[in-house]
Number of protein chains: 2
Amino acid sequence: MDNIKQLLKVAAKRYNKLQPHGEHARDLVFAAHGKLAGECEFVGYGAYAGRPTVAYNVFSFQADVSRPVRPDIYIGDPAEFEAKFGAFIENLRRGALTWSHNEAQIANEVVYTSVLAVACCYDLWQRGSRKTPGTVFEILMAAWLQEMLPRAAFSKHIPLTELLEDTDVADATEEDVEPAPAEDGDGPGSVSTDLVVKATVDADRGIVIPLKITTRERIVQPFAHQRILDSAFGAGAFRSLLVCISETQLDDKTKSVKQVCVPGTVKLFQKYLAPLSGLYYCDVPQRYAAADMQQVISVRSVGEFFIDVAVLLNA
Amino acid sequence: MDNIKQLLKVAAKRYNKLQPHGEHARDLVFAAHGKLAGECEFVGYGAYAGRPTVAYNVFSFQADVSRPVRPDIYIGDPAEFEAKFGAFIENLRRGALTWSHNEAQIANEVVYTSVLAVACCYDLWQRGSRKTPGTVFEILMAAWLQEMLPRAAFSKHIPLTELLEDTDVADATEEDVEPAPAEDGDGPGSVSTDLVVKATVDADRGIVIPLKITTRERIVQPFAHQRILDSAFGAGAFRSLLVCISETQLDDKTKSVKQVCVPGTVKLFQKYLAPLSGLYYCDVPQRYAAADMQQVISVRSVGEFFIDVAVLLNA
């Protein structure tokens, strides 16, 4: 696990400086994937009782189990994963405008496998680091979007607090405290969006990409940020695409898996707070795939997310 | 502690049915206050290094300490607390329109002492119940507002999710999961405001009173809710008054206390999300009392909150 923590540290450092970090991201992913393949059992845990039912596995090590993982999306075999990972990077470099269902599906599987491999290692061997898998998700997605959009302008955040005229508001030393428990921006003294991409540095429009492994009550954040962006820059200047991995919870008693859904909340915020331009999951909750949700917000796979970004940036 | 838990259970049950629960709230508060007075030391912990510095105590029991408590606001002496509590209830029943600084100060001290007495008992003897002190704050404030406004119409929430036409959205069984870690409304399937007061049942305007012991990153919630209320009912139909106790953090290393402040965040949300009509603390963080903040949002004591409610409802 020390090796994985060190690889993450290096990748995070490069990402924080907005340097290319594709190789470092790849090393991290394969170290985690290999560790799970070598040391864990990947065993059935239970099903989500939907229509149809959806089987979930867990990685099991001694008495501990990881979060739920879908064996039909997670690529367990190391050789197959290496091949598909290579194909995914090739496909990104070609650009996603020509992708068909096949390329999107490979992308979805590789993103899911990569992020969950690292997350499950932290579940099993570093349980205290609750925030780390979310950080990893951001680092990996940034690396892959850079592969797809070599000429685009990336920034880690839009520091919304700086929209205020008195830019010294986020100053006081009393803010130098332990970070708040949820992962919002840079700490209690500032409010920032997640990753931002523009076609070029000078472009007057951009895409904001909030990245969440689970949303929980933090689902309000991307909608609130979109509203602030609409108020400050005018509607249309920035469009938000919310990208998630999976919303599941193990139920120890019944050995089943819940798909956590808040369809009413999403509809409410979409209608009365500010509309997001898309919602993406590697493992789309069945409730979100239903027609009544799709009328309110486009819900698609993370594989299709790459296509939508390419279309929006016309890249 | 079993006694306190039982008293809380009864008070909560009555509050959930919107039945008068002033006596039950009082019993709970005095049980907690008496337990701390009888079993704990109330000792200096450290200071907040502001201008001026502010001294904070903690309740100490064996090796454990409670959250920080201001000895100049907390009424430690049981006889003095009983007298001031009685005066506070009398003052509420007279209505707050005629309150002077003196009545407001008693109110502020009694609210602070009551809420922190119960919260500190949970800190010391029931550490797992992180959400309980917030619930207690809501139950107590509702009891006291009922004393002041016997003819007003109270509701626990505005269930915002029900604004949607398809009211069956918050239905799916998959929402029957462990509650999300933060205290937002009724669980992951719905979005609700906190306490709502109208002058009468038929009044077309109301006051929404989000009650938070600490806000942390959840500070976005009342602003987002206000925005939704403005969008759905028109600006002015509902006004939000955010009421907090204290925003502090112990620093074990330096034995000092931090006042946690997010002035930039509050200004940002106030300007670009939706404006709250007031922000209240028993222990107002110094940074929030500064002139630049007061220009953006009225920040006053919880004692003054009762006056502002009375004025707004003209009661």
# chains A, B, ... in the order shown; residues from 1 in each chain; ligands from 1
$ residues_around --residues "range 129-146 of chain B" --least-positions-apart "6" --cutoff "6 Å" --atoms "only C-alpha atoms" --output "list in words"
His21, Gly22, Ala25, Val115, Ala119 and Ile213 of chain B
$ write_last_selection --atoms "C-alpha atoms" --output "mmCIF file, in the first residue's frame"
data_model
loop_
_atom_site.group_PDB
_atom_site.id
_atom_site.type_symbol
_atom_site.label_atom_id
_atom_site.label_comp_id
_atom_site.auth_asym_id
_atom_site.auth_seq_id
_atom_site.Cartn_x
_atom_site.Cartn_y
_atom_site.Cartn_z
ATOM 1 C CA HIS B 21 -43.531 20.730 24.329
ATOM 2 C CA GLY B 22 -42.203 23.595 26.423
ATOM 3 C CA ALA B 25 -37.904 20.912 26.629
ATOM 4 C CA VAL B 115 -28.394 24.048 23.865
ATOM 5 C CA ALA B 119 -24.746 19.127 23.492
ATOM 6 C CA ILE B 213 -25.140 24.170 15.643
#
$ select_by_dssp --residues "range 41-154 of chain B" --states "alpha helix (DSSP H)" --output "ChimeraX atom specification"
/B:78-94,101-125,132-148
$ residues_around --residues "range 229-239 of chain A" --least-positions-apart "4" --cutoff "12 Å" --atoms "only C-alpha atoms" --output "PyMOL selection string"
(chain A and resi 158-164+191-193+195-198+203-210+222-225+273-279+308-309+312-313) or (chain B and resi 227+268-274)
$ atom_distance --atom1 "CA of Cys244 in chain B" --atom2 "CA of Glu304 in chain B"
12.6 Å
$ atom_distance --atom1 "CA of Leu97 in chain B" --atom2 "CA of Gln286 in chain B"
27.0 Å
$ residues_around --residues "Asp123 in chain A" --least-positions-apart "4" --cutoff "12 Å" --atoms "only C-alpha atoms" --output "number ranges by chain"
A: 1, 32, 36, 58-61, 64-68, 116-119, 127-133
$ atom_distance --atom1 "CA of His157 in chain A" --atom2 "CA of Lys258 in chain B"
27.0 Å
$ select_by_dssp --residues "range 34-216 of chain B" --states "strand (DSSP E or B)" --output "PyMOL selection string"
chain B and resi 41-48+54-61+64-65+69+153-155+159+192+195-198+206-209+211-212
$ write_last_selection --atoms "N, CA, C and O atoms" --output "short mmCIF file (atom, residue, chain, number, x, y, z; two decimals), in the first residue's frame"
data_model
loop_
_atom_site.label_atom_id
_atom_site.label_comp_id
_atom_site.auth_asym_id
_atom_site.auth_seq_id
_atom_site.Cartn_x
_atom_site.Cartn_y
_atom_site.Cartn_z
N GLU B 41 -16.01 19.22 35.85
CA GLU B 41 -15.35 20.49 36.07
C GLU B 41 -15.59 21.37 34.86
O GLU B 41 -15.60 20.89 33.71
N PHE B 42 -15.77 22.65 35.10
CA PHE B 42 -15.93 23.63 34.01
C PHE B 42 -14.66 24.48 34.05
O PHE B 42 -14.53 25.36 34.90
N VAL B 43 -13.74 24.15 33.16
CA VAL B 43 -12.38 24.68 33.31
C VAL B 43 -11.93 25.41 32.05
O VAL B 43 -12.37 25.10 30.94
N GLY B 44 -11.04 26.35 32.24
CA GLY B 44 -10.46 27.08 31.11
C GLY B 44 -9.75 26.12 30.17
O GLY B 44 -9.06 25.20 30.62
N TYR B 45 -9.94 26.33 28.87
CA TYR B 45 -9.26 25.48 27.89
C TYR B 45 -8.21 26.29 27.15
O TYR B 45 -7.07 25.90 27.02
N GLY B 46 -8.62 27.47 26.66
CA GLY B 46 -7.72 28.30 25.89
C GLY B 46 -8.51 29.45 25.33
O GLY B 46 -9.70 29.58 25.58
N ALA B 47 -7.83 30.28 24.57
CA ALA B 47 -8.49 31.49 24.08
C ALA B 47 -8.52 31.50 22.56
O ALA B 47 -7.70 30.86 21.89
N TYR B 48 -9.49 32.23 22.03
CA TYR B 48 -9.46 32.59 20.63
C TYR B 48 -8.64 33.87 20.52
O TYR B 48 -8.93 34.86 21.21
N VAL B 54 -10.82 36.00 23.28
CA VAL B 54 -12.05 35.47 23.86
C VAL B 54 -11.71 34.16 24.57
O VAL B 54 -11.17 33.24 23.95
N ALA B 55 -12.03 34.08 25.86
CA ALA B 55 -11.72 32.88 26.63
C ALA B 55 -12.81 31.83 26.43
O ALA B 55 -14.00 32.15 26.40
N TYR B 56 -12.40 30.57 26.27
CA TYR B 56 -13.33 29.45 26.17
C TYR B 56 -12.99 28.41 27.24
O TYR B 56 -11.82 28.14 27.51
N ASN B 57 -14.02 27.87 27.84
CA ASN B 57 -13.89 26.75 28.77
C ASN B 57 -14.30 25.46 28.07
O ASN B 57 -14.81 25.47 26.94
N VAL B 58 -14.09 24.34 28.78
CA VAL B 58 -14.70 23.07 28.39
C VAL B 58 -15.25 22.41 29.65
O VAL B 58 -14.80 22.70 30.76
N PHE B 59 -16.21 21.51 29.47
CA PHE B 59 -16.60 20.62 30.54
C PHE B 59 -15.69 19.41 30.48
O PHE B 59 -15.49 18.84 29.40
N SER B 60 -15.14 19.06 31.63
CA SER B 60 -14.17 17.99 31.66
C SER B 60 -14.67 16.88 32.58
O SER B 60 -15.15 17.13 33.69
N PHE B 61 -14.61 15.64 32.09
CA PHE B 61 -15.05 14.47 32.86
C PHE B 61 -14.03 13.37 32.61
O PHE B 61 -13.86 12.93 31.47
N ASP B 64 -12.05 13.04 29.25
CA ASP B 64 -12.73 13.64 28.10
C ASP B 64 -13.07 15.11 28.33
O ASP B 64 -13.30 15.53 29.46
N VAL B 65 -13.11 15.85 27.24
CA VAL B 65 -13.57 17.23 27.32
C VAL B 65 -14.66 17.45 26.27
O VAL B 65 -14.72 16.78 25.25
N VAL B 69 -16.89 26.17 25.25
CA VAL B 69 -18.04 26.89 25.79
C VAL B 69 -17.55 28.23 26.34
O VAL B 69 -16.54 28.28 27.04
N ALA B 153 -48.71 29.98 13.00
CA ALA B 153 -48.79 28.64 12.41
C ALA B 153 -47.37 28.12 12.21
O ALA B 153 -46.58 28.72 11.48
N PHE B 154 -47.06 27.02 12.84
CA PHE B 154 -45.73 26.42 12.72
C PHE B 154 -45.81 25.21 11.81
O PHE B 154 -46.78 24.47 11.83
N SER B 155 -44.78 25.02 11.03
CA SER B 155 -44.63 23.72 10.41
C SER B 155 -43.16 23.35 10.49
O SER B 155 -42.29 24.22 10.51
N PRO B 159 -41.65 20.97 2.57
CA PRO B 159 -41.07 19.88 1.79
C PRO B 159 -40.89 20.32 0.35
O PRO B 159 -41.82 20.25 -0.46
N SER B 192 -36.00 19.48 2.36
CA SER B 192 -36.92 20.26 3.17
C SER B 192 -36.17 21.40 3.82
O SER B 192 -35.01 21.27 4.15
N LEU B 195 -37.49 24.70 10.27
CA LEU B 195 -38.72 25.26 10.85
C LEU B 195 -39.29 26.43 10.04
O LEU B 195 -38.56 27.30 9.58
N VAL B 196 -40.61 26.47 9.90
CA VAL B 196 -41.29 27.54 9.18
C VAL B 196 -42.36 28.14 10.09
O VAL B 196 -43.10 27.41 10.74
N VAL B 197 -42.44 29.47 10.14
CA VAL B 197 -43.44 30.15 10.95
C VAL B 197 -44.19 31.15 10.08
O VAL B 197 -43.58 31.92 9.33
N LYS B 198 -45.51 31.12 10.19
CA LYS B 198 -46.35 32.14 9.57
C LYS B 198 -47.18 32.80 10.66
O LYS B 198 -47.50 32.16 11.66
N GLY B 206 -44.06 33.90 4.98
CA GLY B 206 -43.58 33.14 6.11
C GLY B 206 -42.10 33.35 6.35
O GLY B 206 -41.39 33.93 5.52
N ILE B 207 -41.66 32.88 7.50
CA ILE B 207 -40.25 32.95 7.85
C ILE B 207 -39.72 31.52 7.93
O ILE B 207 -40.33 30.67 8.58
N VAL B 208 -38.64 31.29 7.25
CA VAL B 208 -37.96 29.99 7.32
C VAL B 208 -36.77 30.15 8.26
O VAL B 208 -36.03 31.14 8.16
N ILE B 209 -36.64 29.22 9.19
CA ILE B 209 -35.60 29.35 10.22
C ILE B 209 -34.69 28.13 10.21
O ILE B 209 -34.91 27.17 10.94
N LEU B 211 -31.78 26.07 11.44
CA LEU B 211 -31.11 26.04 12.74
C LEU B 211 -29.91 25.11 12.64
O LEU B 211 -30.06 23.94 12.30
N LYS B 212 -28.74 25.64 12.92
CA LYS B 212 -27.53 24.83 12.80
C LYS B 212 -26.65 25.06 14.01
O LYS B 212 -26.47 26.20 14.44
#
$ residues_around --residues "His33 in chain B" --least-positions-apart "3" --cutoff "10 Å" --atoms "only C-alpha atoms" --output "PyMOL selection string"
chain B and resi 27-30+36-38+75-78+81+113-118+120-121
$ residues_around --residues "range 107-112 of chain A" --least-positions-apart "4" --cutoff "8 Å" --atoms "only C-alpha atoms" --output "list of chain:residue names"
A:Ile73, A:Tyr74, A:Ile75, A:Phe81, A:Lys84, A:Phe85, A:Phe88, A:Glu103, A:Leu116, A:Ile245, A:Cys282, A:Ser301, A:Val302, A:Gly303, A:Glu304
$ write_last_selection --atoms "C-alpha atoms" --output "PDB file, in the first residue's frame"
ATOM      1  CA  ILE A  73     -18.300  -3.490 -15.712  1.00  0.00           C
ATOM      2  CA  TYR A  74     -15.105  -4.030 -13.699  1.00  0.00           C
ATOM      3  CA  ILE A  75     -12.402  -5.665 -15.838  1.00  0.00           C
ATOM      4  CA  PHE A  81      -7.529  -4.602 -18.491  1.00  0.00           C
ATOM      5  CA  LYS A  84      -8.605  -2.179 -22.926  1.00  0.00           C
ATOM      6  CA  PHE A  85      -6.756   0.569 -21.069  1.00  0.00           C
ATOM      7  CA  PHE A  88      -9.073   3.637 -24.348  1.00  0.00           C
ATOM      8  CA  GLU A 103     -15.549   2.931 -27.799  1.00  0.00           C
ATOM      9  CA  LEU A 116     -12.689   1.471  -8.229  1.00  0.00           C
ATOM     10  CA  ILE A 245     -19.047   6.546 -10.521  1.00  0.00           C
ATOM     11  CA  CYS A 282     -20.323   4.450 -14.851  1.00  0.00           C
ATOM     12  CA  SER A 301     -22.775   6.626 -19.104  1.00  0.00           C
ATOM     13  CA  VAL A 302     -19.329   8.045 -18.341  1.00  0.00           C
ATOM     14  CA  GLY A 303     -18.239   6.538 -21.649  1.00  0.00           C
ATOM     15  CA  GLU A 304     -20.729   8.818 -23.390  1.00  0.00           C
TER      16      GLU A 304
END
$ decode --residues "range 103-127 of chain A" --atoms "N, CA, C and O atoms" --output "compact mmCIF listing (two decimals), in the first residue's frame"
# COMPACT_ATOMS: atom_id res chain seq x y z
N GLU A 103 -16.58 2.12 -28.45
CA GLU A 103 -15.55 2.93 -27.80
C GLU A 103 -16.07 3.51 -26.47
O GLU A 103 -15.34 3.60 -25.49
N ALA A 104 -17.34 3.90 -26.48
CA ALA A 104 -17.91 4.46 -25.25
C ALA A 104 -17.96 3.40 -24.15
O ALA A 104 -17.70 3.69 -22.97
N GLN A 105 -18.26 2.17 -24.55
CA GLN A 105 -18.35 1.11 -23.55
C GLN A 105 -16.97 0.78 -22.98
O GLN A 105 -16.83 0.58 -21.76
N ILE A 106 -15.97 0.74 -23.85
CA ILE A 106 -14.60 0.51 -23.35
C ILE A 106 -14.21 1.62 -22.37
O ILE A 106 -13.67 1.37 -21.30
N ALA A 107 -14.51 2.85 -22.74
CA ALA A 107 -14.19 3.98 -21.87
C ALA A 107 -14.87 3.83 -20.52
O ALA A 107 -14.26 4.03 -19.46
N ASN A 108 -16.15 3.48 -20.56
CA ASN A 108 -16.90 3.34 -19.30
C ASN A 108 -16.29 2.25 -18.41
O ASN A 108 -16.13 2.44 -17.20
N GLU A 109 -15.93 1.12 -19.02
CA GLU A 109 -15.34 0.02 -18.25
C GLU A 109 -13.98 0.40 -17.68
O GLU A 109 -13.66 0.08 -16.54
N VAL A 110 -13.18 1.09 -18.48
CA VAL A 110 -11.82 1.42 -18.03
C VAL A 110 -11.88 2.48 -16.91
O VAL A 110 -11.17 2.38 -15.91
N VAL A 111 -12.75 3.46 -17.06
CA VAL A 111 -12.88 4.47 -15.99
C VAL A 111 -13.34 3.80 -14.71
O VAL A 111 -12.77 4.00 -13.62
N TYR A 112 -14.37 2.96 -14.82
CA TYR A 112 -14.92 2.28 -13.65
C TYR A 112 -13.85 1.42 -12.99
O TYR A 112 -13.64 1.48 -11.76
N THR A 113 -13.16 0.61 -13.78
CA THR A 113 -12.15 -0.30 -13.24
C THR A 113 -11.02 0.48 -12.59
O THR A 113 -10.57 0.16 -11.48
N SER A 114 -10.57 1.53 -13.24
CA SER A 114 -9.44 2.30 -12.73
C SER A 114 -9.77 2.96 -11.40
O SER A 114 -9.02 2.86 -10.41
N VAL A 115 -10.90 3.65 -11.36
CA VAL A 115 -11.24 4.40 -10.15
C VAL A 115 -11.56 3.44 -9.01
O VAL A 115 -11.11 3.63 -7.87
N LEU A 116 -12.32 2.39 -9.31
CA LEU A 116 -12.69 1.47 -8.23
C LEU A 116 -11.50 0.65 -7.76
O LEU A 116 -11.44 0.27 -6.59
N ALA A 117 -10.54 0.37 -8.63
CA ALA A 117 -9.36 -0.39 -8.18
C ALA A 117 -8.65 0.40 -7.08
O ALA A 117 -8.34 -0.14 -6.01
N VAL A 118 -8.42 1.69 -7.31
CA VAL A 118 -7.73 2.49 -6.29
C VAL A 118 -8.63 2.65 -5.05
O VAL A 118 -8.18 2.49 -3.91
N ALA A 119 -9.92 2.92 -5.29
CA ALA A 119 -10.83 3.12 -4.16
C ALA A 119 -10.91 1.87 -3.29
O ALA A 119 -10.91 1.97 -2.06
N CYS A 120 -10.97 0.70 -3.91
CA CYS A 120 -11.08 -0.54 -3.13
C CYS A 120 -9.80 -0.82 -2.36
O CYS A 120 -9.86 -1.36 -1.24
N CYS A 121 -8.65 -0.46 -2.90
CA CYS A 121 -7.41 -0.59 -2.11
C CYS A 121 -7.50 0.28 -0.86
O CYS A 121 -7.11 -0.15 0.23
N TYR A 122 -8.01 1.49 -1.01
CA TYR A 122 -8.15 2.36 0.17
C TYR A 122 -9.21 1.80 1.12
O TYR A 122 -9.07 1.90 2.34
N ASP A 123 -10.28 1.21 0.58
CA ASP A 123 -11.29 0.59 1.44
C ASP A 123 -10.66 -0.49 2.33
O ASP A 123 -10.99 -0.61 3.51
N LEU A 124 -9.77 -1.27 1.74
CA LEU A 124 -9.26 -2.45 2.45
C LEU A 124 -8.04 -2.14 3.30
O LEU A 124 -7.87 -2.73 4.36
N TRP A 125 -7.20 -1.24 2.84
CA TRP A 125 -5.91 -1.09 3.53
C TRP A 125 -5.63 0.31 4.05
O TRP A 125 -4.56 0.58 4.58
N GLN A 126 -6.55 1.22 3.87
CA GLN A 126 -6.31 2.60 4.33
C GLN A 126 -7.67 3.24 4.62
O GLN A 126 -8.01 4.29 4.07
N ARG A 127 -8.43 2.58 5.46
CA ARG A 127 -9.83 2.97 5.61
C ARG A 127 -10.02 4.41 6.12
O ARG A 127 -11.05 5.03 5.88
